[in-house]
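One structure below.
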Amino acid sequence: VNQGNMPGIQSTFLAMDTEEGVEVVWNELLFTDKKAFKAHEEKIKTMFEQLVLVDHPNIVKLHKYWLDVKDLKARVIFITEYVSSGSLKQFLKKTKKNHKAMNARAWKRWCTQILSALSFLHSCDPPIIHGNLTSDTIFIQHNGLIKIGSAIPDDLRSPIRIEREAQQSLQDTESPKEKPLEGKKADETAVDIFSFGMCALEMAVLEIQTNGDTRVSEEAIMRARHSLDDPNMREFILSCLTLNPEKRPTANNLLFHRVLFEVHSLKLLAAHCFINNQYLMPENVVEEKIKELDLNMVMAEIRREGQPGAQWRYSEVSFLELDKFLEDVRNGIYPLMNFAVSRPHTLPRALSQPPEDPQKAKTPTPEPFDVETRKVVQMQCNMELNEDKTQWHVSV
């Protein structure tokens with residue numbers, strides 16, 4: 001399957017997770033030089049352990065990974081979520097083929113979801129740089145949910161001498177000092193912001209003409225920018241494409257830009273609060289609540305002097321629409337990012353694995369393990385001195 005389009009990935013296969021009964025993607029990252037692999041083995045393990053812990057509704061989930069080392073070759077196999085609805089590029093091509101323009105509301109919703117994912121990655125400690133964000137590595141589901149492909153950092157691909165295809169194919173105007181990646185500096189997040197700007201421009205105009213060799217010229221970018229009618233949209237995209245990386249805004253700051261920023265409705269805030277605490281309620285809580293209600297009951301009223309007030313009854317609420325809205329919020333289509341304080345996301349530490357049996361290590365199939373899914377509903381903590389008053393005793 002062509003999902004991810006990541007430089008350095010030799011093979012991607014559609015596979016079946018027999019434990020969960022869902023389709024997944026089997027990816028293979030091949031190292032032909034075993035010495036180069038050995039030199040980077042610890043870095044590879046650390047990076048994949050970090051990526052496995054990344055959990056965000058707008059990022060393609062990396063489920064598991066393992067190393068398969070043979071005599072001369074070595075490969076990293078990693079299993080990712082399968083997004084069946086296709087890439088953003090395919091969607092834009094279909095839209096252009098049908099002679100349709102991009103809907104401004106859909107553009108804003110997509111930009112918000114992509115920035116929500118980038119803001120999460122960049123605020124991890126240490127920051128995770130995607131490094132390969134294009135319309136080929138962004139996926140759109142049938143319900144409008146956007147997911148960006150898993151990030152395989154550039155410095156991890158370097159041992160196999162893979163050129164930085166994503167950055168090369170974007171344009172000719174990128175500043176030279178960005179091309180080598182020397183480490184995870186904070187300003188390297190600017191590479192992802194430039195890539196996002198190109199994606200936002202492509203989403204707005206549906207297609208940016210290339211020179212026939214997949215490279216996008218500066219003139220083509222200029223033409224695409226000038227074709228935008230909305231000055232706020234133009235200014236938003238220009239700020240991402242600034243040549244000086246230090247002057248580009250962060251993903252979190254872009255969510256506050258006037259072209260995207262909106263005050264969330266009470267309905268959306270309530271939906272997020274509901275979803276966050278849903279484990280305290282039954283699954284069919286909306287359906288159960290309807291049974292208890294008198295649909296003729298007035299739920300809201302605007303009183304007016306000298307004339308009858310406007311009343312809103314429960315019978316006027318579409319409960320099917322409410323269920324659909326809750327499902328969309330649960331899936332991550334309407335993220336709450338605009339007022340959140342930017343703070344480092346500390347990823348949970350990977351559980352230390354017991355030493356592998358040499359015989360088991362040869363098999364490419366990982367051993368299944370149980371994941372804790374229960375949640376604490378109520379907790380008490382007591383602190384008291386022991387009998388001889390020398391030590392404190394804590395019970396949870």
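Going by the structure tokens order, chains are called A, B, ..., each with residues numbered from 1, while ligands are numbered from 1 in the order shown.
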Sorted per-residue table, stretch 76-138 of chain A near stretch 240-253 of chain A, closest atoms and distance, 9 Å, only C-alpha atoms, as CSV:
residue,atom,partner,partner_atom,distance
A:Leu115,CA,A:Ala251,CA,5.5
A:Ser116,CA,A:Ala251,CA,7.6
A:Ala117,CA,A:Ala251,CA,8.9
A:Leu118,CA,A:Ala251,CA,6.2
A:Ser119,CA,A:Ala251,CA,5.0
A:Phe120,CA,A:Asn252,CA,8.8
A:His122,CA,A:Ala251,CA,8.0
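Within stretch 182-337 of chain A, DSSP applied to the backbone places the following residues in strand (DSSP E or B): A:Val298, A:Met299, A:Ala300, A:Glu301, A:Ile302, A:Arg303, A:Arg304, A:Gln307, A:Pro308, A:Gly309, A:Ala310, A:Gln311, A:Trp312, A:Arg313.
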I need the residues from that last selection saved to file as a CSV table (one decimal), in the first residue's frame (with C-alpha atoms), if you can.
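File produced: part.csv:
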chain,number,residue,atom,x,y,z
A,298,VAL,CA,-39.1,24.1,27.8
A,299,MET,CA,-35.3,24.1,28.0
A,300,ALA,CA,-34.6,27.8,27.3
A,301,GLU,CA,-36.7,30.9,27.0
A,302,ILE,CA,-36.0,34.5,26.0
A,303,ARG,CA,-38.4,36.8,27.8
A,304,ARG,CA,-39.5,40.1,26.1
A,307,GLN,CA,-44.7,40.5,23.8
A,308,PRO,CA,-44.6,36.7,24.1
A,309,GLY,CA,-41.2,35.2,24.8
A,310,ALA,CA,-39.3,32.9,22.5
A,311,GLN,CA,-39.2,29.3,23.8
A,312,TRP,CA,-37.0,26.4,22.9
A,313,ARG,CA,-38.3,22.9,23.7
Would you list the contacts of A:Ala15 as a VMD selection string, taking every protein, DNA or RNA residue within 10 Å and counting only C-alpha atoms, but skipping same-chain residues closer than 3 positions in sequence?
-> chain A and resid 1 12 18 22 to 27 79 to 80 82
Writer output for current selection, all heavy atoms, as an mmCIF file, in the first residue's frame:
data_model
loop_
_atom_site.group_PDB
_atom_site.id
_atom_site.type_symbol
_atom_site.label_atom_id
_atom_site.label_comp_id
_atom_site.auth_asym_id
_atom_site.auth_seq_id
_atom_site.Cartn_x
_atom_site.Cartn_y
_atom_site.Cartn_z
ATOM 1 N N VAL A 1 0.850 -1.191 0.000
ATOM 2 C CA VAL A 1 0.000 0.000 0.000
ATOM 3 C C VAL A 1 0.877 1.230 0.000
ATOM 4 O O VAL A 1 1.975 1.224 0.550
ATOM 5 C CB VAL A 1 -0.941 0.044 1.245
ATOM 6 C CG1 VAL A 1 -2.038 -0.984 1.137
ATOM 7 C CG2 VAL A 1 -0.168 -0.136 2.534
ATOM 8 N N THR A 12 5.807 -1.094 2.149
ATOM 9 C CA THR A 12 4.654 -0.923 3.035
ATOM 10 C C THR A 12 3.572 -1.891 2.588
ATOM 11 O O THR A 12 3.158 -1.864 1.436
ATOM 12 C CB THR A 12 4.105 0.524 3.001
ATOM 13 O OG1 THR A 12 3.872 0.897 1.643
ATOM 14 C CG2 THR A 12 5.053 1.510 3.648
ATOM 15 N N THR A 18 -4.116 -9.624 14.137
ATOM 16 C CA THR A 18 -4.989 -10.752 14.492
ATOM 17 C C THR A 18 -5.506 -10.654 15.922
ATOM 18 O O THR A 18 -6.482 -11.309 16.272
ATOM 19 C CB THR A 18 -4.244 -12.088 14.297
ATOM 20 O OG1 THR A 18 -2.997 -12.024 15.003
ATOM 21 C CG2 THR A 18 -3.982 -12.359 12.823
ATOM 22 N N VAL A 22 -8.096 -5.790 13.169
ATOM 23 C CA VAL A 22 -8.175 -4.586 12.340
ATOM 24 C C VAL A 22 -7.030 -4.570 11.331
ATOM 25 O O VAL A 22 -5.991 -5.203 11.536
ATOM 26 C CB VAL A 22 -8.102 -3.288 13.201
ATOM 27 C CG1 VAL A 22 -9.319 -3.162 14.087
ATOM 28 C CG2 VAL A 22 -6.826 -3.251 14.045
ATOM 29 N N GLU A 23 -7.244 -3.838 10.235
ATOM 30 C CA GLU A 23 -6.193 -3.688 9.231
ATOM 31 C C GLU A 23 -5.148 -2.690 9.721
ATOM 32 O O GLU A 23 -5.489 -1.656 10.298
ATOM 33 C CB GLU A 23 -6.790 -3.208 7.905
ATOM 34 C CG GLU A 23 -7.628 -4.262 7.215
ATOM 35 C CD GLU A 23 -8.251 -3.763 5.913
ATOM 36 O OE1 GLU A 23 -8.729 -2.612 5.912
ATOM 37 O OE2 GLU A 23 -8.252 -4.506 4.932
ATOM 38 N N VAL A 24 -3.884 -2.992 9.468
ATOM 39 C CA VAL A 24 -2.775 -2.116 9.838
ATOM 40 C C VAL A 24 -1.793 -2.073 8.664
ATOM 41 O O VAL A 24 -1.972 -2.778 7.667
ATOM 42 C CB VAL A 24 -2.049 -2.620 11.115
ATOM 43 C CG1 VAL A 24 -2.929 -2.478 12.344
ATOM 44 C CG2 VAL A 24 -1.592 -4.073 10.956
ATOM 45 N N VAL A 25 -0.764 -1.244 8.779
ATOM 46 C CA VAL A 25 0.265 -1.174 7.736
ATOM 47 C C VAL A 25 1.584 -1.676 8.314
ATOM 48 O O VAL A 25 2.011 -1.259 9.389
ATOM 49 C CB VAL A 25 0.436 0.270 7.210
ATOM 50 C CG1 VAL A 25 1.545 0.333 6.157
ATOM 51 C CG2 VAL A 25 -0.877 0.761 6.607
ATOM 52 N N TRP A 26 2.196 -2.598 7.590
ATOM 53 C CA TRP A 26 3.500 -3.186 7.960
ATOM 54 C C TRP A 26 4.560 -2.418 7.167
ATOM 55 O O TRP A 26 4.584 -2.441 5.945
ATOM 56 C CB TRP A 26 3.472 -4.670 7.596
ATOM 57 C CG TRP A 26 4.763 -5.433 7.705
ATOM 58 C CD1 TRP A 26 5.919 -5.212 7.024
ATOM 59 C CD2 TRP A 26 5.006 -6.582 8.542
ATOM 60 N NE1 TRP A 26 6.859 -6.138 7.373
ATOM 61 C CE2 TRP A 26 6.339 -6.991 8.300
ATOM 62 C CE3 TRP A 26 4.233 -7.293 9.448
ATOM 63 C CZ2 TRP A 26 6.906 -8.094 8.942
ATOM 64 C CZ3 TRP A 26 4.805 -8.386 10.084
ATOM 65 C CH2 TRP A 26 6.127 -8.775 9.838
ATOM 66 N N ASN A 27 5.424 -1.683 7.839
ATOM 67 C CA ASN A 27 6.456 -0.865 7.192
ATOM 68 C C ASN A 27 7.838 -1.469 7.433
ATOM 69 O O ASN A 27 8.119 -1.949 8.536
ATOM 70 C CB ASN A 27 6.460 0.557 7.770
ATOM 71 C CG ASN A 27 5.108 1.224 7.699
ATOM 72 O OD1 ASN A 27 4.779 1.896 6.745
ATOM 73 N ND2 ASN A 27 4.296 1.039 8.746
ATOM 74 N N ILE A 79 4.699 -1.210 12.818
ATOM 75 C CA ILE A 79 3.288 -1.374 12.461
ATOM 76 C C ILE A 79 2.557 -0.068 12.750
ATOM 77 O O ILE A 79 2.615 0.446 13.869
ATOM 78 C CB ILE A 79 2.637 -2.517 13.273
ATOM 79 C CG1 ILE A 79 3.463 -3.814 13.162
ATOM 80 C CG2 ILE A 79 1.194 -2.744 12.843
ATOM 81 C CD1 ILE A 79 3.590 -4.372 11.766
ATOM 82 N N THR A 80 1.894 0.470 11.732
ATOM 83 C CA THR A 80 1.158 1.729 11.906
ATOM 84 C C THR A 80 -0.323 1.538 11.572
ATOM 85 O O THR A 80 -0.709 0.572 10.925
ATOM 86 C CB THR A 80 1.728 2.845 10.996
ATOM 87 O OG1 THR A 80 1.713 2.398 9.633
ATOM 88 C CG2 THR A 80 3.140 3.222 11.381
ATOM 89 N N TYR A 82 -3.802 1.993 9.726
ATOM 90 C CA TYR A 82 -4.149 2.088 8.301
ATOM 91 C C TYR A 82 -5.281 3.086 8.118
ATOM 92 O O TYR A 82 -6.329 2.963 8.740
ATOM 93 C CB TYR A 82 -4.571 0.711 7.771
ATOM 94 C CG TYR A 82 -5.020 0.726 6.326
ATOM 95 C CD1 TYR A 82 -4.227 1.307 5.335
ATOM 96 C CD2 TYR A 82 -6.229 0.145 5.946
ATOM 97 C CE1 TYR A 82 -4.639 1.314 4.016
ATOM 98 C CE2 TYR A 82 -6.639 0.141 4.618
ATOM 99 C CZ TYR A 82 -5.834 0.733 3.658
ATOM 100 O OH TYR A 82 -6.240 0.747 2.351
#
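For the choices A:Glu81, A:Asp125, A:Glu49, A:Glu218, the atom-to-atom distance to A:Leu62 is smallest for A:Glu81 when using only C-alpha atoms.
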Stretch 223-225 of chain A surroundings by only C-alpha atoms, 9 Å radius, close-in-sequence under 4 positions cut, as a list of chain:residue names | A:Leu201, A:Glu202, A:Ala204, A:Val205, A:Glu207, A:Ile208, A:Gln209, A:Glu218, A:Glu219, A:Arg234, A:Ile237, A:Leu238
Since we have the selection now, will you write its residues out, keeping all heavy atoms, as an mmCIF file, in the first residue's frame?
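What follows is the written file again.cif:
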data_model
loop_
_atom_site.group_PDB
_atom_site.id
_atom_site.type_symbol
_atom_site.label_atom_id
_atom_site.label_comp_id
_atom_site.auth_asym_id
_atom_site.auth_seq_id
_atom_site.Cartn_x
_atom_site.Cartn_y
_atom_site.Cartn_z
ATOM 1 N N LEU A 201 -1.196 26.169 1.377
ATOM 2 C CA LEU A 201 -1.329 26.832 0.072
ATOM 3 C C LEU A 201 -1.925 25.864 -0.949
ATOM 4 O O LEU A 201 -2.826 26.227 -1.717
ATOM 5 C CB LEU A 201 0.051 27.330 -0.392
ATOM 6 C CG LEU A 201 0.106 28.075 -1.727
ATOM 7 C CD1 LEU A 201 -0.774 29.328 -1.698
ATOM 8 C CD2 LEU A 201 1.547 28.451 -2.084
ATOM 9 N N GLU A 202 -1.432 24.634 -0.957
ATOM 10 C CA GLU A 202 -1.944 23.621 -1.893
ATOM 11 C C GLU A 202 -3.420 23.325 -1.621
ATOM 12 O O GLU A 202 -4.212 23.150 -2.544
ATOM 13 C CB GLU A 202 -1.107 22.341 -1.758
ATOM 14 C CG GLU A 202 -1.368 21.334 -2.866
ATOM 15 C CD GLU A 202 -0.475 20.112 -2.773
ATOM 16 O OE1 GLU A 202 0.476 20.110 -1.967
ATOM 17 O OE2 GLU A 202 -0.749 19.155 -3.508
ATOM 18 N N ALA A 204 -5.568 25.399 -0.419
ATOM 19 C CA ALA A 204 -6.367 26.572 -0.802
ATOM 20 C C ALA A 204 -6.568 26.664 -2.308
ATOM 21 O O ALA A 204 -7.639 27.024 -2.790
ATOM 22 C CB ALA A 204 -5.702 27.844 -0.279
ATOM 23 N N VAL A 205 -5.508 26.332 -3.088
ATOM 24 C CA VAL A 205 -5.583 26.494 -4.557
ATOM 25 C C VAL A 205 -5.794 25.153 -5.268
ATOM 26 O O VAL A 205 -5.904 25.115 -6.490
ATOM 27 C CB VAL A 205 -4.323 27.201 -5.103
ATOM 28 C CG1 VAL A 205 -4.172 28.578 -4.504
ATOM 29 C CG2 VAL A 205 -3.053 26.383 -4.878
ATOM 30 N N GLU A 207 -3.963 22.864 -6.339
ATOM 31 C CA GLU A 207 -2.765 22.312 -6.991
ATOM 32 C C GLU A 207 -1.767 23.429 -7.254
ATOM 33 O O GLU A 207 -2.135 24.524 -7.661
ATOM 34 C CB GLU A 207 -3.144 21.634 -8.315
ATOM 35 C CG GLU A 207 -1.971 20.936 -8.980
ATOM 36 C CD GLU A 207 -2.347 20.305 -10.327
ATOM 37 O OE1 GLU A 207 -3.308 20.790 -10.972
ATOM 38 O OE2 GLU A 207 -1.672 19.352 -10.718
ATOM 39 N N ILE A 208 -0.479 23.134 -6.997
ATOM 40 C CA ILE A 208 0.592 24.076 -7.340
ATOM 41 C C ILE A 208 1.355 23.448 -8.495
ATOM 42 O O ILE A 208 1.866 22.330 -8.384
ATOM 43 C CB ILE A 208 1.534 24.328 -6.141
ATOM 44 C CG1 ILE A 208 0.738 24.839 -4.942
ATOM 45 C CG2 ILE A 208 2.616 25.343 -6.507
ATOM 46 C CD1 ILE A 208 1.539 24.936 -3.654
ATOM 47 N N GLN A 209 1.415 24.148 -9.621
ATOM 48 C CA GLN A 209 2.049 23.601 -10.828
ATOM 49 C C GLN A 209 3.542 23.359 -10.595
ATOM 50 O O GLN A 209 4.236 24.194 -10.032
ATOM 51 C CB GLN A 209 1.872 24.562 -12.005
ATOM 52 C CG GLN A 209 0.422 24.732 -12.458
ATOM 53 C CD GLN A 209 -0.188 23.445 -12.991
ATOM 54 O OE1 GLN A 209 0.507 22.623 -13.572
ATOM 55 N NE2 GLN A 209 -1.480 23.256 -12.779
ATOM 56 N N GLU A 218 9.754 28.937 -7.524
ATOM 57 C CA GLU A 218 9.354 30.112 -6.750
ATOM 58 C C GLU A 218 8.231 30.864 -7.463
ATOM 59 O O GLU A 218 7.320 31.393 -6.832
ATOM 60 C CB GLU A 218 10.566 31.034 -6.565
ATOM 61 C CG GLU A 218 10.334 32.130 -5.547
ATOM 62 C CD GLU A 218 11.585 32.960 -5.300
ATOM 63 O OE1 GLU A 218 12.674 32.570 -5.744
ATOM 64 O OE2 GLU A 218 11.441 34.010 -4.650
ATOM 65 N N GLU A 219 8.283 30.885 -8.831
ATOM 66 C CA GLU A 219 7.251 31.571 -9.612
ATOM 67 C C GLU A 219 5.879 30.901 -9.422
ATOM 68 O O GLU A 219 4.856 31.583 -9.304
ATOM 69 C CB GLU A 219 7.601 31.565 -11.113
ATOM 70 C CG GLU A 219 8.824 32.388 -11.491
ATOM 71 C CD GLU A 219 10.144 31.727 -11.121
ATOM 72 O OE1 GLU A 219 10.183 30.477 -11.014
ATOM 73 O OE2 GLU A 219 11.125 32.462 -10.905
ATOM 74 N N ARG A 234 -3.850 34.779 2.822
ATOM 75 C CA ARG A 234 -2.571 35.029 2.138
ATOM 76 C C ARG A 234 -1.477 35.365 3.156
ATOM 77 O O ARG A 234 -0.366 34.846 3.094
ATOM 78 C CB ARG A 234 -2.747 36.172 1.127
ATOM 79 C CG ARG A 234 -1.597 36.251 0.106
ATOM 80 C CD ARG A 234 -1.766 37.427 -0.841
ATOM 81 N NE ARG A 234 -3.070 37.444 -1.477
ATOM 82 C CZ ARG A 234 -3.878 38.501 -1.502
ATOM 83 N NH1 ARG A 234 -3.521 39.629 -0.917
ATOM 84 N NH2 ARG A 234 -5.042 38.442 -2.111
ATOM 85 N N ILE A 237 -0.413 32.233 5.208
ATOM 86 C CA ILE A 237 0.473 31.322 4.469
ATOM 87 C C ILE A 237 1.858 31.945 4.282
ATOM 88 O O ILE A 237 2.883 31.269 4.443
ATOM 89 C CB ILE A 237 -0.163 30.929 3.118
ATOM 90 C CG1 ILE A 237 -1.392 30.045 3.359
ATOM 91 C CG2 ILE A 237 0.834 30.215 2.210
ATOM 92 C CD1 ILE A 237 -2.259 29.789 2.147
ATOM 93 N N LEU A 238 1.904 33.253 3.988
ATOM 94 C CA LEU A 238 3.192 33.943 3.814
ATOM 95 C C LEU A 238 4.046 33.878 5.070
ATOM 96 O O LEU A 238 5.264 33.743 4.988
ATOM 97 C CB LEU A 238 2.958 35.409 3.425
ATOM 98 C CG LEU A 238 2.726 35.690 1.938
ATOM 99 C CD1 LEU A 238 2.311 37.140 1.727
ATOM 100 C CD2 LEU A 238 3.986 35.404 1.128
#
Can you list, as a VMD selection string, every protein, DNA or RNA residue that comes within 12 Å of A:Glu287 when you count only C-alpha atoms, leaving out same-chain residues fewer than 2 positions away?
-> chain A and resid 282 to 285 289 to 293 318 to 320 322 to 323
Serialized selection, all heavy atoms, as an mmCIF file, in the first residue's frame:
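Wrote part.cif, looks like this:
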data_model
loop_
_atom_site.group_PDB
_atom_site.id
_atom_site.type_symbol
_atom_site.label_atom_id
_atom_site.label_comp_id
_atom_site.auth_asym_id
_atom_site.auth_seq_id
_atom_site.Cartn_x
_atom_site.Cartn_y
_atom_site.Cartn_z
ATOM 1 N N PRO A 282 -22.603 5.711 31.193
ATOM 2 C CA PRO A 282 -22.856 4.592 30.267
ATOM 3 C C PRO A 282 -22.651 5.022 28.818
ATOM 4 O O PRO A 282 -22.742 6.203 28.497
ATOM 5 C CB PRO A 282 -24.324 4.235 30.526
ATOM 6 C CG PRO A 282 -24.931 5.454 31.139
ATOM 7 C CD PRO A 282 -23.826 6.132 31.894
ATOM 8 N N GLU A 283 -22.374 4.039 27.941
ATOM 9 C CA GLU A 283 -22.101 4.339 26.528
ATOM 10 C C GLU A 283 -23.279 5.015 25.847
ATOM 11 O O GLU A 283 -23.111 5.942 25.068
ATOM 12 C CB GLU A 283 -21.740 3.050 25.775
ATOM 13 C CG GLU A 283 -20.278 2.681 25.900
ATOM 14 C CD GLU A 283 -19.915 1.494 25.040
ATOM 15 O OE1 GLU A 283 -20.470 1.361 23.936
ATOM 16 O OE2 GLU A 283 -19.078 0.697 25.480
ATOM 17 N N ASN A 284 -24.488 4.550 26.134
ATOM 18 C CA ASN A 284 -25.679 5.085 25.466
ATOM 19 C C ASN A 284 -26.353 6.161 26.328
ATOM 20 O O ASN A 284 -27.575 6.207 26.444
ATOM 21 C CB ASN A 284 -26.661 3.955 25.148
ATOM 22 C CG ASN A 284 -27.063 3.193 26.406
ATOM 23 O OD1 ASN A 284 -26.393 3.278 27.433
ATOM 24 N ND2 ASN A 284 -28.147 2.443 26.317
ATOM 25 N N VAL A 285 -25.541 7.020 26.937
ATOM 26 C CA VAL A 285 -26.075 8.000 27.891
ATOM 27 C C VAL A 285 -27.058 8.979 27.235
ATOM 28 O O VAL A 285 -28.058 9.356 27.842
ATOM 29 C CB VAL A 285 -24.921 8.750 28.601
ATOM 30 C CG1 VAL A 285 -24.137 9.608 27.632
ATOM 31 C CG2 VAL A 285 -25.441 9.604 29.741
ATOM 32 N N LYS A 289 -30.880 9.391 28.365
ATOM 33 C CA LYS A 289 -31.329 10.700 28.842
ATOM 34 C C LYS A 289 -32.628 11.106 28.144
ATOM 35 O O LYS A 289 -33.515 11.712 28.742
ATOM 36 C CB LYS A 289 -30.238 11.738 28.591
ATOM 37 C CG LYS A 289 -30.231 12.890 29.559
ATOM 38 C CD LYS A 289 -29.763 12.450 30.935
ATOM 39 C CE LYS A 289 -29.891 13.566 31.934
ATOM 40 N NZ LYS A 289 -29.805 13.080 33.325
ATOM 41 N N ILE A 290 -32.722 10.777 26.840
ATOM 42 C CA ILE A 290 -33.922 11.133 26.065
ATOM 43 C C ILE A 290 -35.167 10.470 26.681
ATOM 44 O O ILE A 290 -36.232 11.076 26.762
ATOM 45 C CB ILE A 290 -33.775 10.698 24.588
ATOM 46 C CG1 ILE A 290 -32.618 11.444 23.927
ATOM 47 C CG2 ILE A 290 -35.045 10.979 23.795
ATOM 48 C CD1 ILE A 290 -32.179 10.861 22.611
ATOM 49 N N LYS A 291 -34.987 9.201 27.119
ATOM 50 C CA LYS A 291 -36.121 8.467 27.695
ATOM 51 C C LYS A 291 -36.663 9.156 28.948
ATOM 52 O O LYS A 291 -37.844 9.090 29.252
ATOM 53 C CB LYS A 291 -35.695 7.041 28.035
ATOM 54 C CG LYS A 291 -35.427 6.167 26.814
ATOM 55 C CD LYS A 291 -34.915 4.804 27.245
ATOM 56 C CE LYS A 291 -34.518 3.963 26.026
ATOM 57 N NZ LYS A 291 -33.905 2.679 26.429
ATOM 58 N N GLU A 292 -35.767 9.817 29.692
ATOM 59 C CA GLU A 292 -36.170 10.465 30.947
ATOM 60 C C GLU A 292 -36.847 11.817 30.707
ATOM 61 O O GLU A 292 -37.514 12.346 31.594
ATOM 62 C CB GLU A 292 -34.939 10.698 31.835
ATOM 63 C CG GLU A 292 -34.250 9.422 32.283
ATOM 64 C CD GLU A 292 -32.941 9.720 33.002
ATOM 65 O OE1 GLU A 292 -32.739 10.890 33.397
ATOM 66 O OE2 GLU A 292 -32.132 8.797 33.162
ATOM 67 N N LEU A 293 -36.631 12.406 29.512
ATOM 68 C CA LEU A 293 -37.097 13.774 29.268
ATOM 69 C C LEU A 293 -38.537 13.844 28.784
ATOM 70 O O LEU A 293 -38.988 12.976 28.035
ATOM 71 C CB LEU A 293 -36.198 14.445 28.218
ATOM 72 C CG LEU A 293 -34.747 14.758 28.620
ATOM 73 C CD1 LEU A 293 -33.977 15.237 27.403
ATOM 74 C CD2 LEU A 293 -34.698 15.811 29.720
ATOM 75 N N SER A 318 -32.138 17.986 17.837
ATOM 76 C CA SER A 318 -31.911 16.763 17.060
ATOM 77 C C SER A 318 -30.892 15.903 17.819
ATOM 78 O O SER A 318 -29.701 16.204 17.843
ATOM 79 C CB SER A 318 -31.379 17.098 15.665
ATOM 80 O OG SER A 318 -30.969 15.919 15.019
ATOM 81 N N PHE A 319 -31.406 14.827 18.450
ATOM 82 C CA PHE A 319 -30.503 13.981 19.242
ATOM 83 C C PHE A 319 -29.564 13.171 18.350
ATOM 84 O O PHE A 319 -28.462 12.823 18.751
ATOM 85 C CB PHE A 319 -31.316 13.074 20.164
ATOM 86 C CG PHE A 319 -32.027 13.840 21.243
ATOM 87 C CD1 PHE A 319 -33.390 14.079 21.176
ATOM 88 C CD2 PHE A 319 -31.327 14.366 22.313
ATOM 89 C CE1 PHE A 319 -34.045 14.801 22.164
ATOM 90 C CE2 PHE A 319 -31.964 15.088 23.312
ATOM 91 C CZ PHE A 319 -33.322 15.316 23.234
ATOM 92 N N LEU A 320 -29.997 12.879 17.121
ATOM 93 C CA LEU A 320 -29.103 12.182 16.182
ATOM 94 C C LEU A 320 -27.921 13.074 15.824
ATOM 95 O O LEU A 320 -26.779 12.629 15.754
ATOM 96 C CB LEU A 320 -29.870 11.790 14.915
ATOM 97 C CG LEU A 320 -30.755 10.550 15.011
ATOM 98 C CD1 LEU A 320 -31.538 10.358 13.723
ATOM 99 C CD2 LEU A 320 -29.909 9.310 15.297
ATOM 100 N N LEU A 322 -26.749 15.414 17.712
ATOM 101 C CA LEU A 322 -25.937 15.512 18.918
ATOM 102 C C LEU A 322 -25.008 14.310 19.051
ATOM 103 O O LEU A 322 -23.819 14.450 19.360
ATOM 104 C CB LEU A 322 -26.848 15.616 20.148
ATOM 105 C CG LEU A 322 -26.166 15.838 21.507
ATOM 106 C CD1 LEU A 322 -25.349 17.121 21.493
ATOM 107 C CD2 LEU A 322 -27.196 15.884 22.612
ATOM 108 N N ASP A 323 -25.535 13.112 18.788
ATOM 109 C CA ASP A 323 -24.710 11.900 18.816
ATOM 110 C C ASP A 323 -23.581 11.978 17.793
ATOM 111 O O ASP A 323 -22.444 11.601 18.070
ATOM 112 C CB ASP A 323 -25.581 10.669 18.535
ATOM 113 C CG ASP A 323 -25.849 9.871 19.805
ATOM 114 O OD1 ASP A 323 -25.081 10.027 20.765
ATOM 115 O OD2 ASP A 323 -26.833 9.108 19.836
#
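One finds atom CA of A:Lys43 at 15.6 Å from atom CA of A:Val69.
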Hey, which of A:Val76, A:Met16, A:Leu92, A:Leu121 ends up closest to A:Gln50? Count only C-alpha atoms.
-> A:Leu121
Nearby residues (only C-alpha atoms) at most 10 Å from stretch 255-272 of chain A, same-chain spacing under 6 positions excluded, as an MDAnalysis selection string = chainID A and resid 104:105 107:109 111:113 115:116 119 230:236 249 278 322 325:330 332 334:339
Which of stretch 26-113 of chain A fall in alpha helix (DSSP H), as a VMD selection string = chain A and resid 34 to 53 88 to 97 104 to 113
